[in-house]
>>> print(open('final_4.cif').read())   # mmCIF, C-alpha atoms
data_my_file
#
loop_
_atom_site.group_PDB
_atom_site.id
_atom_site.type_symbol
_atom_site.label_atom_id
_atom_site.label_comp_id
_atom_site.auth_asym_id
_atom_site.auth_seq_id
_atom_site.Cartn_x
_atom_site.Cartn_y
_atom_site.Cartn_z
ATOM 1 C CA MET A 689 2.299 2.427 -27.235
ATOM 2 C CA THR A 690 5.841 3.194 -26.300
ATOM 3 C CA GLN A 691 8.309 0.374 -26.068
ATOM 4 C CA HIS A 692 10.910 0.798 -23.409
ATOM 5 C CA LEU A 693 13.651 -1.707 -24.071
ATOM 6 C CA PRO A 694 15.886 -2.163 -21.055
ATOM 7 C CA ALA A 695 19.537 -1.814 -21.880
ATOM 8 C CA ALA A 696 20.660 -4.780 -19.806
ATOM 9 C CA SER A 697 19.924 -7.555 -22.272
ATOM 10 C CA PRO A 698 18.057 -7.819 -25.537
ATOM 11 C CA PRO A 699 14.784 -9.738 -25.521
ATOM 12 C CA SER A 700 15.700 -12.979 -27.164
ATOM 13 C CA GLY A 701 13.325 -15.896 -27.258
ATOM 14 C CA ALA A 702 9.852 -14.759 -26.245
ATOM 15 C CA GLY A 703 7.676 -12.336 -28.175
ATOM 16 C CA ALA A 704 9.435 -10.837 -31.149
ATOM 17 C CA ALA A 705 7.801 -7.496 -30.334
ATOM 18 C CA GLY A 706 9.827 -7.257 -27.101
ATOM 19 C CA PRO A 707 8.594 -6.818 -23.573
ATOM 20 C CA GLN A 708 5.323 -5.079 -22.826
ATOM 21 C CA VAL A 709 5.570 -2.165 -20.418
ATOM 22 C CA LEU A 710 2.878 -2.585 -17.766
ATOM 23 C CA TYR A 711 4.039 0.237 -15.553
ATOM 24 C CA ASP A 712 6.634 2.947 -15.919
ATOM 25 C CA THR A 713 7.415 5.520 -13.286
ATOM 26 C CA GLU A 714 10.061 7.924 -12.064
ATOM 27 C CA VAL A 715 11.277 8.160 -8.471
ATOM 28 C CA VAL A 716 10.735 11.648 -7.038
ATOM 29 C CA ALA A 717 11.801 11.042 -3.423
ATOM 30 C CA VAL A 718 13.199 8.321 -1.174
ATOM 31 C CA GLY A 719 12.154 8.304 2.488
ATOM 32 C CA GLU A 720 14.772 8.239 5.204
ATOM 33 C CA LEU A 721 13.615 4.871 6.579
ATOM 34 C CA VAL A 722 13.687 3.165 3.163
ATOM 35 C CA PRO A 723 17.193 1.703 3.736
ATOM 36 C CA GLN A 724 15.965 0.082 6.990
ATOM 37 C CA PHE A 725 13.016 -1.473 5.201
ATOM 38 C CA VAL A 726 15.296 -2.629 2.375
ATOM 39 C CA ASP A 727 17.541 -4.276 4.980
ATOM 40 C CA GLN A 728 14.472 -6.289 6.019
ATOM 41 C CA GLY A 729 13.829 -7.252 2.405
ATOM 42 C CA VAL A 730 10.918 -4.868 1.884
ATOM 43 C CA LEU A 731 10.626 -2.030 -0.607
ATOM 44 C CA VAL A 732 7.495 0.143 -0.389
ATOM 45 C CA LEU A 733 6.375 2.392 -3.239
ATOM 46 C CA PHE A 734 3.638 5.013 -3.181
ATOM 47 C CA GLY A 735 2.511 7.577 -5.723
ATOM 48 C CA GLU A 736 3.725 11.063 -4.844
ATOM 49 C CA GLN A 737 0.253 12.154 -3.693
ATOM 50 C CA ALA A 738 0.476 9.790 -0.700
ATOM 51 C CA PRO A 739 -0.119 11.482 2.663
ATOM 52 C CA GLU A 740 2.935 12.721 4.488
ATOM 53 C CA GLU A 741 2.926 10.036 7.197
ATOM 54 C CA LEU A 742 3.745 7.439 4.530
ATOM 55 C CA HIS A 743 6.715 9.318 3.103
ATOM 56 C CA GLU A 744 9.451 8.312 5.540
ATOM 57 C CA PHE A 745 9.462 4.623 4.604
ATOM 58 C CA SER A 746 8.353 4.972 0.983
ATOM 59 C CA VAL A 747 9.819 5.481 -2.441
ATOM 60 C CA LEU A 748 7.586 8.195 -3.875
ATOM 61 C CA HIS A 749 7.161 8.226 -7.602
ATOM 62 C CA ARG A 750 5.331 9.826 -10.529
ATOM 63 C CA PRO A 751 3.865 7.288 -12.967
ATOM 64 C CA ARG A 752 4.188 7.895 -16.713
ATOM 65 C CA GLN A 753 2.309 4.784 -17.683
ATOM 66 C CA ALA A 754 0.022 2.536 -15.631
ATOM 67 C CA VAL A 755 -1.520 -0.277 -17.642
ATOM 68 C CA GLU A 756 -1.933 -3.151 -15.214
ATOM 69 C CA GLY A 757 -0.435 -4.832 -12.162
ATOM 70 C CA PRO A 758 2.265 -7.512 -12.274
ATOM 71 C CA ARG A 759 1.747 -11.254 -12.333
ATOM 72 C CA PRO A 760 4.208 -14.104 -11.822
ATOM 73 C CA GLY A 761 6.736 -14.238 -14.628
ATOM 74 C CA ASP A 762 6.842 -10.461 -15.099
ATOM 75 C CA GLU A 763 9.899 -8.438 -14.137
ATOM 76 C CA ILE A 764 10.322 -5.326 -12.026
ATOM 77 C CA VAL A 765 13.256 -3.276 -13.284
ATOM 78 C CA LEU A 766 14.814 -0.845 -10.787
ATOM 79 C CA GLY A 767 17.708 1.019 -12.289
ATOM 80 C CA GLY A 768 19.967 -1.737 -13.576
ATOM 81 C CA THR A 769 18.447 -4.510 -11.442
ATOM 82 C CA ARG A 770 15.832 -6.900 -12.766
ATOM 83 C CA LEU A 771 13.645 -8.636 -10.208
ATOM 84 C CA PRO A 772 11.590 -11.582 -11.444
ATOM 85 C CA VAL A 773 8.087 -11.609 -9.960
ATOM 86 C CA LEU A 774 7.389 -14.942 -8.227
ATOM 87 C CA ALA A 775 3.980 -14.277 -6.667
ATOM 88 C CA VAL A 776 1.417 -11.481 -6.415
ATOM 89 C CA GLY A 777 -1.222 -10.923 -3.694
ATOM 90 C CA ASP A 778 -4.887 -10.280 -4.393
ATOM 91 C CA VAL A 779 -4.920 -6.523 -3.783
ATOM 92 C CA VAL A 780 -1.656 -5.633 -5.541
ATOM 93 C CA ALA A 781 -3.117 -4.497 -8.865
ATOM 94 C CA GLU A 782 -5.805 -2.365 -7.180
ATOM 95 C CA ASN A 783 -3.269 -0.686 -4.905
ATOM 96 C CA LEU A 784 -0.785 -0.091 -7.698
ATOM 97 C CA LEU A 785 -3.233 1.394 -10.180
ATOM 98 C CA ASN A 786 -5.156 3.470 -7.605
ATOM 99 C CA LEU A 787 -2.374 4.636 -5.323
ATOM 100 C CA GLY A 788 0.904 3.818 -7.041
ATOM 101 C CA HIS A 789 1.428 1.491 -4.100
ATOM 102 C CA LEU A 790 3.584 -1.628 -4.244
ATOM 103 C CA ASP A 791 5.129 -3.762 -1.485
ATOM 104 C CA ILE A 792 8.070 -5.667 -2.929
ATOM 105 C CA LYS A 793 9.202 -8.530 -0.672
ATOM 106 C CA ALA A 794 12.479 -10.341 -1.263
ATOM 107 C CA ASP A 795 11.136 -13.450 0.451
ATOM 108 C CA GLY A 796 11.386 -15.995 -2.365
ATOM 109 C CA HIS A 797 7.795 -17.155 -1.844
ATOM 110 C CA ASP A 798 5.823 -18.550 -4.747
ATOM 111 C CA ARG A 799 2.584 -17.663 -2.920
ATOM 112 C CA ALA A 800 2.027 -14.206 -1.472
ATOM 113 C CA GLN A 801 1.876 -14.311 2.337
ATOM 114 C CA LEU A 802 -0.042 -11.028 2.495
ATOM 115 C CA PRO A 803 -2.600 -9.672 0.036
ATOM 116 C CA GLY A 804 -0.374 -6.714 -0.828
ATOM 117 C CA ASP A 805 2.833 -8.647 -1.418
ATOM 118 C CA VAL A 806 4.801 -8.844 -4.634
ATOM 119 C CA CYS A 807 7.312 -11.634 -4.010
ATOM 120 C CA VAL A 808 10.742 -11.649 -5.622
ATOM 121 C CA PRO A 809 13.740 -13.934 -4.988
ATOM 122 C CA VAL A 810 15.601 -13.778 -1.679
ATOM 123 C CA GLY A 811 18.581 -11.466 -1.944
ATOM 124 C CA PRO A 812 19.561 -7.844 -1.449
ATOM 125 C CA LEU A 813 17.130 -5.348 -2.935
ATOM 126 C CA PRO A 814 18.767 -2.544 -4.894
ATOM 127 C CA SER A 815 19.084 0.928 -3.471
ATOM 128 C CA VAL A 816 16.789 3.435 -5.113
ATOM 129 C CA ALA A 817 17.588 7.039 -5.943
ATOM 130 C CA LYS A 818 15.638 10.109 -6.980
ATOM 131 C CA GLY A 819 15.319 10.379 -10.744
ATOM 132 C CA GLN A 820 15.560 6.632 -11.278
ATOM 133 C CA ARG A 821 13.051 4.787 -13.461
ATOM 134 C CA ILE A 822 11.081 1.820 -12.229
ATOM 135 C CA THR A 823 9.313 -0.320 -14.804
ATOM 136 C CA ILE A 824 7.278 -3.506 -14.774
ATOM 137 C CA LEU A 825 7.734 -5.598 -17.889
ATOM 138 C CA ARG A 826 5.939 -8.595 -19.315
ATOM 139 C CA GLY A 827 7.583 -10.953 -21.772
ATOM 140 C CA ALA A 828 11.125 -9.844 -20.953
ATOM 141 C CA ALA A 829 12.198 -13.028 -19.189
ATOM 142 C CA GLY A 830 10.843 -15.560 -21.646
ATOM 143 C CA GLY A 831 7.611 -16.332 -19.795
ATOM 144 C CA PRO A 832 6.620 -17.653 -16.378
ATOM 145 C CA ALA A 833 8.152 -21.097 -16.846
ATOM 146 C CA ASP A 834 11.591 -19.745 -17.632
ATOM 147 C CA GLU A 835 12.943 -18.128 -14.522
ATOM 148 C CA GLY A 836 16.013 -16.554 -15.967
ATOM 149 C CA ASP A 837 18.853 -19.041 -16.094
ATOM 150 C CA ARG A 838 19.506 -18.242 -19.715
ATOM 151 C CA ALA A 839 23.102 -17.813 -20.736
ATOM 152 C CA MET B 182 -19.699 22.522 17.411
ATOM 153 C CA SER B 183 -21.352 19.334 16.345
ATOM 154 C CA GLU B 184 -23.248 16.513 17.944
ATOM 155 C CA TYR B 185 -21.270 13.323 17.580
ATOM 156 C CA ARG B 186 -22.352 9.729 18.143
ATOM 157 C CA SER B 187 -20.274 6.598 18.715
ATOM 158 C CA VAL B 188 -20.065 3.493 16.564
ATOM 159 C CA THR B 189 -18.669 0.031 17.134
ATOM 160 C CA VAL B 190 -16.517 -1.482 14.399
ATOM 161 C CA THR B 191 -16.152 -5.264 14.506
ATOM 162 C CA LYS B 192 -13.841 -7.430 12.473
ATOM 163 C CA GLY B 193 -15.241 -8.946 9.295
ATOM 164 C CA LYS B 194 -14.749 -12.356 7.745
ATOM 165 C CA GLY B 195 -11.159 -13.480 8.171
ATOM 166 C CA GLY B 196 -10.365 -10.235 9.959
ATOM 167 C CA TRP B 197 -8.396 -9.544 13.132
ATOM 168 C CA GLY B 198 -8.559 -7.266 16.173
ATOM 169 C CA GLY B 199 -11.132 -4.945 17.662
ATOM 170 C CA PRO B 200 -13.912 -4.333 18.265
ATOM 171 C CA LEU B 201 -13.176 -0.624 18.267
ATOM 172 C CA THR B 202 -15.411 2.171 19.468
ATOM 173 C CA ILE B 203 -15.111 5.239 17.271
ATOM 174 C CA ALA B 204 -16.217 8.482 18.897
ATOM 175 C CA PRO B 205 -15.312 11.676 17.029
ATOM 176 C CA THR B 206 -15.022 14.895 19.011
ATOM 177 C CA ASP B 207 -14.569 18.544 18.135
ATOM 178 C CA GLU B 208 -10.841 18.011 18.692
ATOM 179 C CA ARG B 209 -10.745 14.806 16.618
ATOM 180 C CA PRO B 210 -13.497 15.093 14.008
ATOM 181 C CA LEU B 211 -11.876 13.394 10.999
ATOM 182 C CA ILE B 212 -12.747 10.016 9.503
ATOM 183 C CA TYR B 213 -9.512 9.746 7.559
ATOM 184 C CA SER B 214 -9.734 7.573 4.443
ATOM 185 C CA VAL B 215 -6.290 6.530 3.206
ATOM 186 C CA THR B 216 -7.641 4.392 0.385
ATOM 187 C CA GLY B 217 -7.707 4.246 -3.366
ATOM 188 C CA GLY B 218 -10.556 5.824 -5.293
ATOM 189 C CA GLY B 219 -11.647 8.486 -2.800
ATOM 190 C CA ILE B 220 -13.626 8.081 0.433
ATOM 191 C CA HIS B 221 -14.089 4.362 1.045
ATOM 192 C CA PRO B 222 -17.672 3.148 1.734
ATOM 193 C CA VAL B 223 -16.551 2.021 5.226
ATOM 194 C CA ALA B 224 -15.276 5.537 5.981
ATOM 195 C CA ALA B 225 -18.461 7.021 4.544
ATOM 196 C CA ARG B 226 -20.540 4.739 6.783
ATOM 197 C CA ILE B 227 -18.556 5.696 9.901
ATOM 198 C CA ALA B 228 -18.885 9.380 9.032
ATOM 199 C CA GLU B 229 -22.616 9.063 8.399
ATOM 200 C CA LEU B 230 -23.321 7.287 11.695
ATOM 201 C CA THR B 231 -21.010 9.365 13.898
ATOM 202 C CA GLY B 232 -21.391 12.813 12.372
ATOM 203 C CA GLY B 233 -17.627 12.896 11.836
ATOM 204 C CA GLU B 234 -16.056 14.476 8.783
ATOM 205 C CA ALA B 235 -14.965 12.117 5.985
ATOM 206 C CA PHE B 236 -11.537 13.180 4.765
ATOM 207 C CA ASP B 237 -9.549 11.866 1.766
ATOM 208 C CA GLY B 238 -5.915 11.413 2.824
ATOM 209 C CA PHE B 239 -4.750 11.187 -0.768
ATOM 210 C CA LYS B 240 -6.183 14.603 -1.608
ATOM 211 C CA SER B 241 -4.740 16.578 1.273
ATOM 212 C CA SER B 242 -3.090 15.812 4.573
ATOM 213 C CA ALA B 243 -4.427 16.138 8.089
ATOM 214 C CA PRO B 244 -2.654 16.463 11.419
ATOM 215 C CA PHE B 245 -2.700 13.207 13.404
ATOM 216 C CA ASP B 246 -4.275 14.818 16.434
ATOM 217 C CA LYS B 247 -7.396 15.625 14.375
ATOM 218 C CA ILE B 248 -8.021 12.019 13.303
ATOM 219 C CA ALA B 249 -10.771 10.008 15.037
ATOM 220 C CA VAL B 250 -10.077 6.920 12.919
ATOM 221 C CA ALA B 251 -7.994 5.997 9.887
ATOM 222 C CA VAL B 252 -9.622 3.748 7.277
ATOM 223 C CA ILE B 253 -7.095 1.964 5.063
ATOM 224 C CA ASP B 254 -7.076 -0.611 2.261
ATOM 225 C CA CYS B 255 -3.703 -1.981 3.228
ATOM 226 C CA GLY B 256 -2.383 -5.252 1.931
ATOM 227 C CA GLY B 257 -0.515 -5.989 5.135
ATOM 228 C CA THR B 258 2.852 -4.231 5.156
ATOM 229 C CA ALA B 259 2.965 -0.490 5.448
ATOM 230 C CA ARG B 260 -0.173 1.463 6.280
ATOM 231 C CA ILE B 261 -1.257 -1.332 8.635
ATOM 232 C CA GLY B 262 1.343 -0.183 11.167
ATOM 233 C CA VAL B 263 1.712 3.534 10.544
ATOM 234 C CA TYR B 264 -1.479 4.698 12.215
ATOM 235 C CA PRO B 265 -1.352 2.301 15.197
ATOM 236 C CA MET B 266 2.252 3.455 15.708
ATOM 237 C CA LYS B 267 0.862 6.980 16.135
ATOM 238 C CA LYS B 268 -1.883 5.606 18.451
ATOM 239 C CA VAL B 269 -4.555 6.354 15.870
ATOM 240 C CA LEU B 270 -7.476 3.880 15.717
ATOM 241 C CA THR B 271 -7.187 1.995 12.443
ATOM 242 C CA VAL B 272 -9.730 0.108 10.334
ATOM 243 C CA ASP B 273 -8.405 -2.031 7.461
ATOM 244 C CA VAL B 274 -11.007 -3.004 4.858
ATOM 245 C CA HIS B 275 -8.814 -5.949 3.878
ATOM 246 C CA ALA B 276 -8.601 -8.997 6.151
ATOM 247 C CA THR B 277 -5.042 -8.581 7.373
ATOM 248 C CA SER B 278 -3.314 -9.578 10.621
ATOM 249 C CA PRO B 279 -0.347 -7.890 12.306
ATOM 250 C CA ALA B 280 2.651 -8.141 9.990
ATOM 251 C CA GLY B 281 5.320 -6.048 8.374
ATOM 252 C CA PRO B 282 8.138 -3.993 9.847
ATOM 253 C CA LEU B 283 5.714 -2.127 12.128
ATOM 254 C CA ALA B 284 3.813 -5.197 13.373
ATOM 255 C CA SER B 285 4.720 -4.620 17.014
ATOM 256 C CA PHE B 286 2.560 -1.475 17.113
ATOM 257 C CA ILE B 287 -0.592 -3.254 15.944
ATOM 258 C CA THR B 288 -2.867 -4.281 18.832
ATOM 259 C CA ASP B 289 -6.516 -5.301 19.048
ATOM 260 C CA LYS B 290 -7.217 -2.087 20.981
ATOM 261 C CA LEU B 291 -6.050 0.026 18.044
ATOM 262 C CA PHE B 292 -6.716 -2.079 14.979
ATOM 263 C CA VAL B 293 -9.507 -4.055 13.333
ATOM 264 C CA SER B 294 -9.539 -5.603 9.853
ATOM 265 C CA GLY B 295 -11.688 -7.266 7.199
ATOM 266 C CA VAL B 296 -14.297 -4.554 7.812
ATOM 267 C CA LYS B 297 -17.278 -3.996 5.528
ATOM 268 C CA PRO B 298 -19.868 -1.209 5.898
ATOM 269 C CA ASP B 299 -22.218 -3.637 7.703
ATOM 270 C CA ASP B 300 -19.567 -4.203 10.407
ATOM 271 C CA VAL B 301 -20.056 -0.594 11.509
ATOM 272 C CA THR B 302 -22.988 -0.272 13.945
ATOM 273 C CA PRO B 303 -24.239 2.392 16.358
ATOM 274 C CA ALA B 304 -22.602 1.916 19.763
#
>>> encode(input="final_4.cif", output="structure tokens")
Amino acid sequence: MTQHLPAASPPSGAGAAGPQVLYDTEVVAVGELVPQFVDQGVLVLFGEQAPEELHEFSVLHRPRQAVEGPRPGDEIVLGGTRLPVLAVGDVVAENLLNLGHLDIKADGHDRAQLPGDVCVPVGPLPSVAKGQRITILRGAAGGPADEGDRA
Amino acid sequence: MSEYRSVTVTKGKGGWGGPLTIAPTDERPLIYSVTGGGIHPVAARIAELTGGEAFDGFKSSAPFDKIAVAVIDCGGTARIGVYPMKKVLTVDVHATSPAGPLASFITDKLFVSGVKPDDVTPA
């Protein structure tokens, strides 16, 4: 088990062992329509083996570690941005582990509107660049009840 | 040169759109499965009944003009609109409705969802 400790803030409070890495991947390409999707509050990821027609609106990536899908209270870390997971649709884990596919929606919902949605707070999604790491962490934010207003 | 047959694909429980008639031809022989874990059972069923060629989109890519139908396991955002946008008949095995940035391309003439193998019947 590797422990990837994000540099942004040390894990105080929850689990003395630090956050668990559920998923760890590296961006290999960013489609030309990704900024338009991001403007609409949607970020789409696919594993790099995805067929070509999905490339233009997707962040393609190469997973290093794929343990399980996210659940509410986990965090998605993109570069230096940490997105708390608010809700997760029924098919998210299957799509992530089989296809490297994730639909991140900055819609603030606490229930997924679509079965593939991973809901995060309303707000601008970060831009994503080739070579960047994307990780999904559990136990980094102090648990589902604590949504990150820690000083 | 193959003999092809047609099938009707109707929406399943909680699904949307269709019914679609899938009729592969020599020009468009592919039953294109863009799903996790290889050829989806719905794609396999369509291929078996039509004589079309099941094709795994995550193994290699196919030109759009060869695709008789795309079978997807989309959760509602991305793949749901990509194939209808290209005027390719699309079957989602999940029970989704038009949504996502490409929702305007998704019509009941091009798209059907919530489909299980039993929703595929000879036309």
>>> closest_atom_pairs(input="final_4.cif", of="chain A", to="chain B", cutoff="12 Å", atoms="all atoms listed in the file", output="tab-separated table")
residue	atom	partner	partner_atom	distance
A:Leu721	CA	B:Pro282	CA	10.9
A:Val722	CA	B:Pro282	CA	11.3
A:Gln724	CA	B:Pro282	CA	9.3
A:Phe725	CA	B:Pro282	CA	7.2
A:Val726	CA	B:Pro282	CA	10.4
A:Asp727	CA	B:Pro282	CA	10.6
A:Gln728	CA	B:Pro282	CA	7.7
A:Gly729	CA	B:Pro282	CA	9.9
A:Val730	CA	B:Pro282	CA	8.5
A:Leu731	CA	B:Ala259	CA	9.9
A:Val732	CA	B:Ala259	CA	7.4
A:Leu733	CA	B:Ala259	CA	9.8
A:Phe734	CA	B:Ala259	CA	10.3
A:Gly735	CA	B:Phe239	CA	9.5
A:Glu736	CA	B:Phe239	CA	9.4
A:Gln737	CA	B:Phe239	CA	5.9
A:Ala738	CA	B:Phe239	CA	5.4
A:Pro739	CA	B:Ser242	CA	5.6
A:Glu740	CA	B:Ser242	CA	6.8
A:Glu741	CA	B:Val263	CA	7.4
A:Leu742	CA	B:Arg260	CA	7.4
A:His743	CA	B:Val263	CA	10.7
A:Glu744	CA	B:Val263	CA	10.4
A:Phe745	CA	B:Ala259	CA	8.3
A:Ser746	CA	B:Ala259	CA	8.9
A:Val776	CA	B:Gly256	CA	11.1
A:Gly777	CA	B:Gly256	CA	8.1
A:Asp778	CA	B:Gly256	CA	8.5
A:Val779	CA	B:Gly256	CA	6.4
A:Val780	CA	B:Gly256	CA	7.5
A:Ala781	CA	B:Gly256	CA	10.8
A:Glu782	CA	B:Gly217	CA	7.9
A:Asn783	CA	B:Gly217	CA	6.8
A:Leu784	CA	B:Gly217	CA	9.2
A:Leu785	CA	B:Gly217	CA	8.6
A:Asn786	CA	B:Gly217	CA	5.0
A:Leu787	CA	B:Gly217	CA	5.7
A:Gly788	CA	B:Gly217	CA	9.4
A:His789	CA	B:Gly217	CA	9.6
A:Leu790	CA	B:Gly256	CA	9.3
A:Asp791	CA	B:Thr258	CA	7.0
A:Ile792	CA	B:Thr258	CA	9.7
A:Lys793	CA	B:Thr258	CA	9.6
A:Ala800	CA	B:Gly256	CA	10.5
A:Gln801	CA	B:Gly257	CA	9.1
A:Leu802	CA	B:Gly257	CA	5.7
A:Pro803	CA	B:Gly256	CA	4.8
A:Gly804	CA	B:Gly256	CA	3.7
A:Asp805	CA	B:Gly256	CA	7.1
A:Val806	CA	B:Gly256	CA	10.4
>>> resolve_selection(input="final_4.cif", expression="the PyMOL selection byres ((chain B and resi 250) around 12)", output="PyMOL selection string")
chain B and resi 187-190+201-206+209-215+223-225+227-228+231+233-236+238+243+245-249+251-253+264-265+267-273+291-293
>>> atom_distance(input="final_4.cif", atom1="CA of Ser285 (chain B)", atom2="CA of Ala775 (chain A)")
25.6 Å
>>> closest_residue(input="final_4.cif", among="B:Met266, B:Thr191, B:Ala284, B:Pro200", to="Val296 (chain B)", atoms="only C-alpha atoms")
B:Thr191
>>> atom_distance(input="final_4.cif", atom1="CA of Gly757 (chain A)", atom2="CA of Pro222 (chain B)")
23.5 Å
>>> axis_aligned_box(input="final_4.cif", around="region 233-244 of chain B", padding_each_side="6 Å", output="AutoDock Vina command-line options")
--center_x -10.1 --center_y 13.9 --center_z 5.1 --size_x 27.0 --size_y 17.4 --size_z 25.4
>>> residues_near_point(input="final_4.cif", point="(10.7, -8.9, -6.8)", cutoff="8 Å", atoms="only C-alpha atoms", output="VMD selection string")
chain A and resid 763 to 764 771 to 774 792 to 794 806 to 809
>>> closest_residue(input="final_4.cif", among="A:Gly827, A:Val718, A:Ala705, A:Pro760", to="His797 (chain A)", atoms="all atoms listed in the file")
A:Pro760
>>> residues_around(input="final_4.cif", residues="Lys818 (chain A)", least_positions_apart="4", cutoff="10 Å", atoms="all atoms listed in the file", output="list of chain:residue names")
A:Glu714, A:Val715, A:Val716, A:Ala717, A:Val718, A:Val747, A:Leu748, A:His749
>>> closest_residue(input="final_4.cif", among="B:Gly262, B:Pro303, B:Gly199, B:Gly232", to="Ile287 (chain B)", atoms="only C-alpha atoms")
B:Gly262
>>> atom_distance(input="final_4.cif", atom1="CA of Gly193 (chain B)", atom2="CA of Leu230 (chain B)")
18.3 Å
>>> resolve_selection(input="final_4.cif", expression="the PyMOL selection byres ((chain A and resi 821) around 10)", output="JSON, numbers by chain")
{"A": [712, 713, 714, 715, 716, 749, 750, 751, 752, 765, 766, 767, 768, 816, 817, 818, 819, 820, 822, 823]}
>>> closest_residue(input="final_4.cif", among="B:Tyr185, B:Ile261, B:Pro279, B:Thr302", to="Trp197 (chain B)", atoms="all atoms listed in the file")
B:Pro279
